[in-house]
file run_32.cif (mmCIF, C-alpha atoms)
data_structure
#
loop_
_atom_site.label_atom_id
_atom_site.label_comp_id
_atom_site.auth_asym_id
_atom_site.auth_seq_id
_atom_site.Cartn_x
_atom_site.Cartn_y
_atom_site.Cartn_z
CA MET A 1 -19.73 -5.72 -4.80
CA LEU A 2 -21.05 -3.34 -7.46
CA ARG A 3 -18.16 -1.16 -8.59
CA PRO A 4 -18.31 1.86 -10.90
CA ASP A 5 -18.13 1.05 -14.60
CA VAL A 6 -15.19 2.46 -16.55
CA ILE A 7 -17.54 4.55 -18.69
CA ASP A 8 -19.09 6.12 -15.57
CA LEU A 9 -15.60 6.87 -14.24
CA ARG A 10 -14.53 8.49 -17.48
CA GLU A 11 -17.69 10.60 -17.64
CA PHE A 12 -17.27 11.72 -14.03
CA TYR A 13 -13.72 12.99 -14.64
CA ALA A 14 -14.89 14.73 -17.81
CA SER A 15 -17.49 16.70 -15.81
CA ARG A 16 -16.86 20.02 -14.08
CA LEU A 17 -17.00 18.34 -10.69
CA GLY A 18 -14.59 15.61 -11.77
CA GLN A 19 -12.12 18.15 -13.15
CA THR A 20 -12.22 19.97 -9.82
CA VAL A 21 -11.58 16.71 -7.94
CA ARG A 22 -8.68 15.88 -10.24
CA ARG A 23 -7.09 19.29 -9.71
CA LEU A 24 -7.37 19.10 -5.92
CA LEU A 25 -6.13 15.52 -5.63
CA ARG A 26 -3.21 16.20 -7.95
CA GLN A 27 -2.04 18.88 -5.52
CA ARG A 28 -2.14 16.35 -2.67
CA LEU A 29 -0.40 13.67 -4.71
CA ARG A 30 2.39 16.04 -5.67
CA ALA A 31 2.87 17.03 -2.02
CA ILE A 32 3.40 13.36 -1.12
CA TRP A 33 5.45 12.42 -4.20
CA PRO A 34 7.35 15.59 -5.16
CA ASP A 35 9.82 13.76 -7.42
CA LEU A 36 9.64 10.33 -9.05
CA GLN A 37 12.67 10.88 -11.25
CA GLY A 38 13.72 7.67 -12.99
CA LEU A 39 11.19 5.45 -11.18
CA ARG A 40 8.66 3.00 -12.60
CA LEU A 41 5.05 3.88 -11.74
CA LEU A 42 1.92 1.75 -11.97
CA GLY A 43 -1.61 3.10 -11.58
CA LEU A 44 -4.09 0.44 -10.41
CA GLY A 45 -7.86 0.87 -10.46
CA TYR A 46 -8.79 4.03 -12.36
CA ALA A 47 -5.69 6.15 -11.84
CA THR A 48 -5.24 7.56 -15.36
CA PRO A 49 -6.60 11.05 -14.49
CA TYR A 50 -3.60 11.44 -12.18
CA LEU A 51 -0.78 9.60 -13.98
CA ARG A 52 0.02 12.38 -16.43
CA LEU A 53 1.21 14.42 -13.44
CA PHE A 54 4.28 12.13 -13.18
CA GLU A 55 4.76 11.23 -16.84
CA ALA A 56 7.64 13.57 -17.62
CA GLU A 57 9.90 12.44 -14.77
CA THR A 58 9.33 8.71 -14.45
CA GLU A 59 11.19 6.03 -16.37
CA ARG A 60 7.91 4.33 -17.24
CA VAL A 61 4.20 4.78 -16.44
CA LEU A 62 1.67 1.97 -16.79
CA ALA A 63 -2.03 1.72 -15.98
CA ALA A 64 -3.84 -1.44 -14.89
CA MET A 65 -7.63 -1.62 -14.78
CA PRO A 66 -9.50 -4.54 -13.16
CA GLY A 67 -11.58 -6.80 -15.42
CA PRO A 68 -14.95 -6.19 -13.68
CA GLN A 69 -14.48 -2.44 -14.10
CA GLY A 70 -13.48 -2.46 -17.76
CA VAL A 71 -10.77 -0.62 -19.63
CA VAL A 72 -10.45 2.47 -21.83
CA ARG A 73 -7.55 3.50 -23.99
CA TRP A 74 -4.84 5.64 -22.40
CA PRO A 75 -3.11 7.94 -23.14
CA ARG A 76 -4.83 9.61 -26.05
CA GLY A 77 -2.79 10.08 -29.18
CA LYS A 78 0.10 7.93 -27.92
CA PRO A 79 0.92 4.22 -27.81
CA GLY A 80 -1.33 2.49 -25.32
CA ARG A 81 0.01 1.86 -21.81
CA VAL A 82 -3.06 0.43 -20.13
CA MET A 83 -3.87 -3.23 -19.51
CA LEU A 84 -6.93 -5.14 -18.37
CA VAL A 85 -5.92 -7.26 -15.37
CA ASP A 86 -7.00 -9.61 -12.65
CA GLU A 87 -6.16 -7.49 -9.62
CA GLU A 88 -5.28 -10.66 -7.68
CA ASP A 89 -2.83 -11.84 -10.37
CA LEU A 90 -1.01 -8.91 -11.94
CA PRO A 91 0.91 -9.76 -15.16
CA LEU A 92 4.14 -8.25 -13.87
CA PRO A 93 7.38 -9.78 -12.59
CA ASP A 94 8.32 -9.76 -8.92
CA ALA A 95 9.93 -6.54 -7.64
CA SER A 96 9.47 -4.74 -10.98
CA ILE A 97 7.65 -1.52 -9.93
CA ASP A 98 8.91 1.33 -7.72
CA ARG A 99 5.63 3.14 -7.01
CA ILE A 100 1.97 2.09 -7.22
CA LEU A 101 -0.91 4.56 -7.17
CA LEU A 102 -4.24 3.05 -6.07
CA VAL A 103 -7.29 5.09 -7.09
CA HIS A 104 -10.83 3.63 -7.03
CA ALA A 105 -9.10 0.34 -6.25
CA LEU A 106 -9.05 -0.57 -2.55
CA GLU A 107 -12.66 0.30 -1.84
CA ASN A 108 -13.89 -1.69 -4.87
CA ALA A 109 -11.70 -4.80 -4.63
CA ASP A 110 -13.48 -8.14 -4.29
CA ASN A 111 -10.63 -9.41 -2.12
CA VAL A 112 -8.62 -6.46 -0.86
CA ARG A 113 -6.04 -8.56 0.98
CA ALA A 114 -5.32 -10.67 -2.09
CA MET A 115 -4.92 -7.52 -4.16
CA LEU A 116 -2.50 -6.02 -1.63
CA ARG A 117 -0.47 -9.25 -1.67
CA GLU A 118 -0.04 -8.78 -5.43
CA VAL A 119 0.88 -5.13 -4.93
CA TRP A 120 3.48 -6.22 -2.35
CA ARG A 121 4.87 -8.83 -4.76
CA VAL A 122 5.44 -6.52 -7.72
CA LEU A 123 6.91 -3.67 -5.66
CA THR A 124 10.68 -3.40 -5.30
CA PRO A 125 12.15 -3.86 -1.80
CA GLN A 126 12.06 -0.07 -1.26
CA GLY A 127 8.78 0.29 -3.17
CA ARG A 128 5.87 2.42 -1.99
CA LEU A 129 2.16 2.60 -2.64
CA LEU A 130 -0.14 5.58 -2.39
CA ALA A 131 -3.80 4.77 -1.73
CA VAL A 132 -6.65 7.20 -2.40
CA VAL A 133 -9.86 6.01 -0.73
CA PRO A 134 -13.19 7.50 0.40
CA ASN A 135 -13.36 8.54 4.04
CA ARG A 136 -16.14 6.76 5.93
CA ARG A 137 -16.69 9.87 8.08
CA GLY A 138 -17.01 12.22 5.13
CA LEU A 139 -19.99 13.26 3.03
CA TRP A 140 -18.66 11.90 -0.26
CA ALA A 141 -18.79 8.26 0.88
CA HIS A 142 -22.55 8.55 1.46
CA ILE A 143 -23.56 10.07 -1.88
CA ASP A 144 -23.43 7.63 -4.79
CA ALA A 145 -23.51 10.35 -7.45
CA THR A 146 -19.69 10.19 -7.57
CA PRO A 147 -17.26 7.20 -7.73
CA PHE A 148 -16.29 7.88 -4.09
CA GLY A 149 -19.78 6.88 -3.00
CA HIS A 150 -19.28 3.26 -4.06
CA GLY A 151 -17.50 0.36 -2.44
CA HIS A 152 -16.07 0.09 1.06
CA PRO A 153 -14.94 3.40 2.63
CA TYR A 154 -12.35 3.55 5.41
CA THR A 155 -11.56 5.54 8.51
CA PRO A 156 -7.90 6.54 9.00
CA PRO A 157 -7.31 3.86 11.69
CA GLN A 158 -8.90 1.18 9.50
CA LEU A 159 -6.73 2.11 6.53
CA THR A 160 -3.59 2.13 8.65
CA ARG A 161 -4.40 -1.27 10.12
CA LEU A 162 -5.13 -2.69 6.67
CA MET A 163 -1.71 -1.60 5.44
CA ARG A 164 0.12 -3.02 8.43
CA ASP A 165 -1.69 -6.34 8.09
CA ALA A 166 -0.59 -6.47 4.44
CA LEU A 167 3.11 -5.90 5.39
CA PHE A 168 3.27 -2.20 4.56
CA SER A 169 4.58 0.52 6.87
CA PRO A 170 2.45 3.71 6.74
CA LEU A 171 4.65 6.76 6.16
CA GLN A 172 2.44 9.83 5.73
CA SER A 173 -1.15 10.78 5.07
CA ARG A 174 -3.19 13.64 3.62
CA GLN A 175 -6.88 14.46 3.30
CA ALA A 176 -8.95 16.31 0.71
CA LEU A 177 -12.47 17.12 -0.53
CA TRP A 178 -14.30 18.95 2.22
CA TYR A 179 -16.68 20.75 -0.11
CA PRO A 180 -20.05 19.08 -0.92
CA PRO A 181 -20.10 17.07 -4.18
CA SER A 182 -22.13 19.56 -6.19
CA GLU A 183 -21.75 20.84 -9.77
CA ARG A 184 -23.55 24.10 -9.12
CA ALA A 185 -21.50 27.01 -10.31
CA PHE A 186 -21.60 29.00 -7.09
CA MET A 187 -20.50 25.90 -5.10
CA LEU A 188 -17.57 25.28 -7.42
CA ARG A 189 -16.50 28.91 -7.07
CA MET A 190 -16.33 28.39 -3.30
CA VAL A 191 -14.14 25.27 -3.46
CA PRO A 192 -10.92 26.97 -2.28
CA ALA A 193 -12.73 28.43 0.76
CA TRP A 194 -14.38 25.09 1.53
CA GLU A 195 -11.05 23.25 1.37
CA ALA A 196 -9.16 25.74 3.51
CA THR A 197 -11.90 25.93 6.13
CA GLY A 198 -12.49 22.20 6.18
CA GLU A 199 -8.83 21.34 6.65
CA TRP A 200 -8.68 23.74 9.56
CA LEU A 201 -11.99 23.04 11.31
CA TRP A 202 -13.28 19.64 10.14
CA SER A 203 -10.18 17.65 9.27
CA ARG A 204 -11.76 14.34 10.31
CA PHE A 205 -14.64 14.74 7.85
CA SER A 206 -12.80 15.04 4.54
CA GLY A 207 -14.20 13.20 1.55
CA VAL A 208 -10.99 11.38 0.68
CA LEU A 209 -8.01 9.88 2.53
CA LEU A 210 -4.55 9.57 1.01
CA LEU A 211 -2.01 7.24 2.62
CA GLU A 212 1.54 6.45 1.53
CA ALA A 213 3.04 3.18 2.76
CA GLU A 214 6.33 1.38 2.19
CA LYS A 215 6.82 -2.30 1.51
CA GLN A 216 8.16 -4.21 4.49
CA VAL A 217 10.80 -6.79 3.76
CA PHE A 218 11.48 -9.05 6.70
CA MET A 219 14.75 -10.90 6.95
CA PRO A 220 14.19 -13.93 9.11
CA ALA A 221 16.79 -14.22 11.83
CA PRO A 222 18.97 -17.27 11.31
CA LEU A 223 18.49 -19.99 13.84
CA LYS A 224 21.38 -20.16 16.24
CA ARG A 225 23.08 -23.47 16.20
CA GLN A 226 23.26 -24.73 19.71
CA LYS A 227 26.66 -25.98 20.57
CA THR A 228 26.43 -29.48 21.89
CA ARG A 229 29.14 -30.56 24.23
CA THR A 230 30.23 -34.09 23.49
CA ARG A 231 31.39 -35.96 26.48
CA HIS A 232 33.63 -38.97 26.09
CA PHE A 233 33.70 -41.54 28.84
CA VAL A 234 36.82 -43.71 29.07
CA LEU A 235 36.62 -46.71 31.30
CA GLN A 236 39.82 -47.08 33.31
CA PRO A 237 40.65 -50.54 34.70
CA GLN A 238 40.34 -50.69 38.43
CA PRO A 239 43.75 -51.28 40.14
CA ALA A 240 43.90 -54.73 41.73
CA ALA A 241 43.88 -54.78 45.50
CA SER A 242 47.41 -55.37 46.84
CA MET A 243 47.75 -58.79 48.46
CA ALA A 244 50.60 -59.79 50.75
CA ASP A 245 52.91 -62.42 49.33
CA PRO A 246 52.53 -65.41 51.68
CA THR A 247 56.00 -66.59 50.77
CA ARG A 248 57.53 -63.33 51.85
CA LEU A 249 58.32 -62.67 55.47
CA ASP A 250 59.09 -59.30 56.80
CA SER A 251 62.53 -58.94 58.26
CA ASP A 252 61.16 -58.47 61.74
CA GLN A 253 59.32 -61.78 61.56
CA ALA A 254 62.33 -63.76 60.37
#

call {"tool": "encode", "arguments": {"input": "run_32.cif", "output": "structure tokens"}}
result
Amino acid sequence: MLRPDVIDLREFYASRLGQTVRRLLRQRLRAIWPDLQGLRLLGLGYATPYLRLFEAETERVLAAMPGPQGVVRWPRGKPGRVMLVDEEDLPLPDASIDRILLVHALENADNVRAMLREVWRVLTPQGRLLAVVPNRRGLWAHIDATPFGHGHPYTPPQLTRLMRDALFSPLQSRQALWYPPSERAFMLRMVPAWEATGEWLWSRFSGVLLLEAEKQVFMPAPLKRQKTRTRHFVLQPQPAASMADPTRLDSDQA
């Protein structure tokens, strides 16, 4: 699968269209995660345009970028907090992350189920992920001029089923990007009207789906020990048949 290069991703988010996308998606992300106070957050894929939103409140923010995509330094002017990873073998301990933000990750993964197994492993028992993926029914998934036009898009039922199969419980969802992916000035000025109208009239045809899901931790039910009733058999000697004493005569026969 041909995924967007990290340089292309960086240039997209530096453009006027990319800045508009970042602003709109940040609003949706904040609506889903209003407070991450004291939590540990990992961005997987190319999530750095959205991580600064949570930087002030979290205990720690890290970014992980898959090897085939490439990596760029982040954040600027501060010690680096980004790592180049194998998305199927994250260099993190079990149950070490509270929240994971997946952006340009699911749709571009070579093995999405293996990646989600790693996400499940590093999340704490109450951990949650938030996936941002292109909507198969929307216009953005069919125009490769943006990063959302690459990889494998999803419909809402497909995304929900994927999460359940990977042992995550879907909690809530949002949608965004109803306006056409155009950098023309008059189109960008109409973005608020496009978004409001699209959410009201064409909700199924948004450009992007956002889904929050919680890690499922199953406790296997202990096997019930079946009580076995032990039966003891004791052989009792049979009483001997009474025999008349031939030497004894009854008094009436005397």

call {"tool": "closest_atom_pairs", "arguments": {"input": "run_32.cif", "of": "segment 68-166 of chain A", "to": "segment 22-26 of chain A", "cutoff": "12 Å", "atoms": "all atoms listed in the file", "output": "CSV"}}
result
residue,atom,partner,partner_atom,distance
A:Leu101,CA,A:Arg26,CA,11.9
A:Val103,CA,A:Leu25,CA,10.6
A:Ala131,CA,A:Leu25,CA,11.7
A:Val132,CA,A:Leu25,CA,8.9
A:Val133,CA,A:Leu25,CA,11.3

call {"tool": "resolve_selection", "arguments": {"input": "run_32.cif", "expression": "the PyMOL selection byres ((chain A and resi 176) around 12)", "output": "ChimeraX atom specification"}}
result
/A:20-29,132-135,138-140,173-175,177-180,191-192,194-200,202-211

call {"tool": "closest_residue", "arguments": {"input": "run_32.cif", "among": "A:Leu102, A:Leu17, A:Val71, A:Ile7", "to": "Ala47 of chain A", "atoms": "all atoms listed in the file"}}
result
A:Leu102

call {"tool": "residues_around", "arguments": {"input": "run_32.cif", "residues": "segment 147-151 of chain A", "least_positions_apart": "2", "cutoff": "6 Å", "atoms": "only C-alpha atoms", "output": "ChimeraX atom specification"}}
result
/A:107-108,134,140-144

call {"tool": "atom_distance", "arguments": {"input": "run_32.cif", "atom1": "atom CA of Ala95 of chain A", "atom2": "atom CA of Ala114 of chain A"}}
result
16.7 Å

call {"tool": "atom_distance", "arguments": {"input": "run_32.cif", "atom1": "atom CA of Thr48 of chain A", "atom2": "atom CA of Val6 of chain A"}}
result
11.2 Å

call {"tool": "atom_distance", "arguments": {"input": "run_32.cif", "atom1": "atom CA of Met65 of chain A", "atom2": "atom CA of Tyr50 of chain A"}}
result
13.9 Å

call {"tool": "resolve_selection", "arguments": {"input": "run_32.cif", "expression": "the PyMOL selection byres ((chain A and resi 115-123) around 10)", "output": "PyMOL selection string"}}
result
chain A and resi 40-42+44+86-100+102+105-106+109-114+124-129+162-163+165-168+214-217

call {"tool": "closest_residue", "arguments": {"input": "run_32.cif", "among": "A:Leu130, A:Gly67, A:Leu84, A:Val61", "to": "Glu212 of chain A", "atoms": "only C-alpha atoms"}}
result
A:Leu130

call {"tool": "resolve_selection", "arguments": {"input": "run_32.cif", "expression": "the PyMOL selection byres ((chain A and resi 154) around 6)", "output": "PyMOL selection string"}}
result
chain A and resi 135-136+153+155+158-159

call {"tool": "residues_around", "arguments": {"input": "run_32.cif", "residues": "Glu57 of chain A", "least_positions_apart": "2", "cutoff": "6 Å", "atoms": "all atoms listed in the file", "output": "ChimeraX atom specification"}}
result
/A:37,54-55

call {"tool": "write_last_selection", "arguments": {"input": "run_32.cif", "atoms": "C-alpha atoms", "output": "JSON list (two decimals), in the coordinates of the input"}}
result
[["chain", "number", "residue", "atom", "x", "y", "z"],
["A", 37, "GLN", "CA", 12.67, 10.88, -11.25],
["A", 54, "PHE", "CA", 4.28, 12.13, -13.18],
["A", 55, "GLU", "CA", 4.76, 11.23, -16.84]]

call {"tool": "axis_aligned_box", "arguments": {"input": "run_32.cif", "around": "segment 172-176 of chain A", "padding_each_side": "8 Å", "output": "lines of an AutoDock Vina configuration file"}}
result
center_x = -3.3
center_y = 13.1
center_z = 3.2
size_x = 27.4
size_y = 22.5
size_z = 21.0
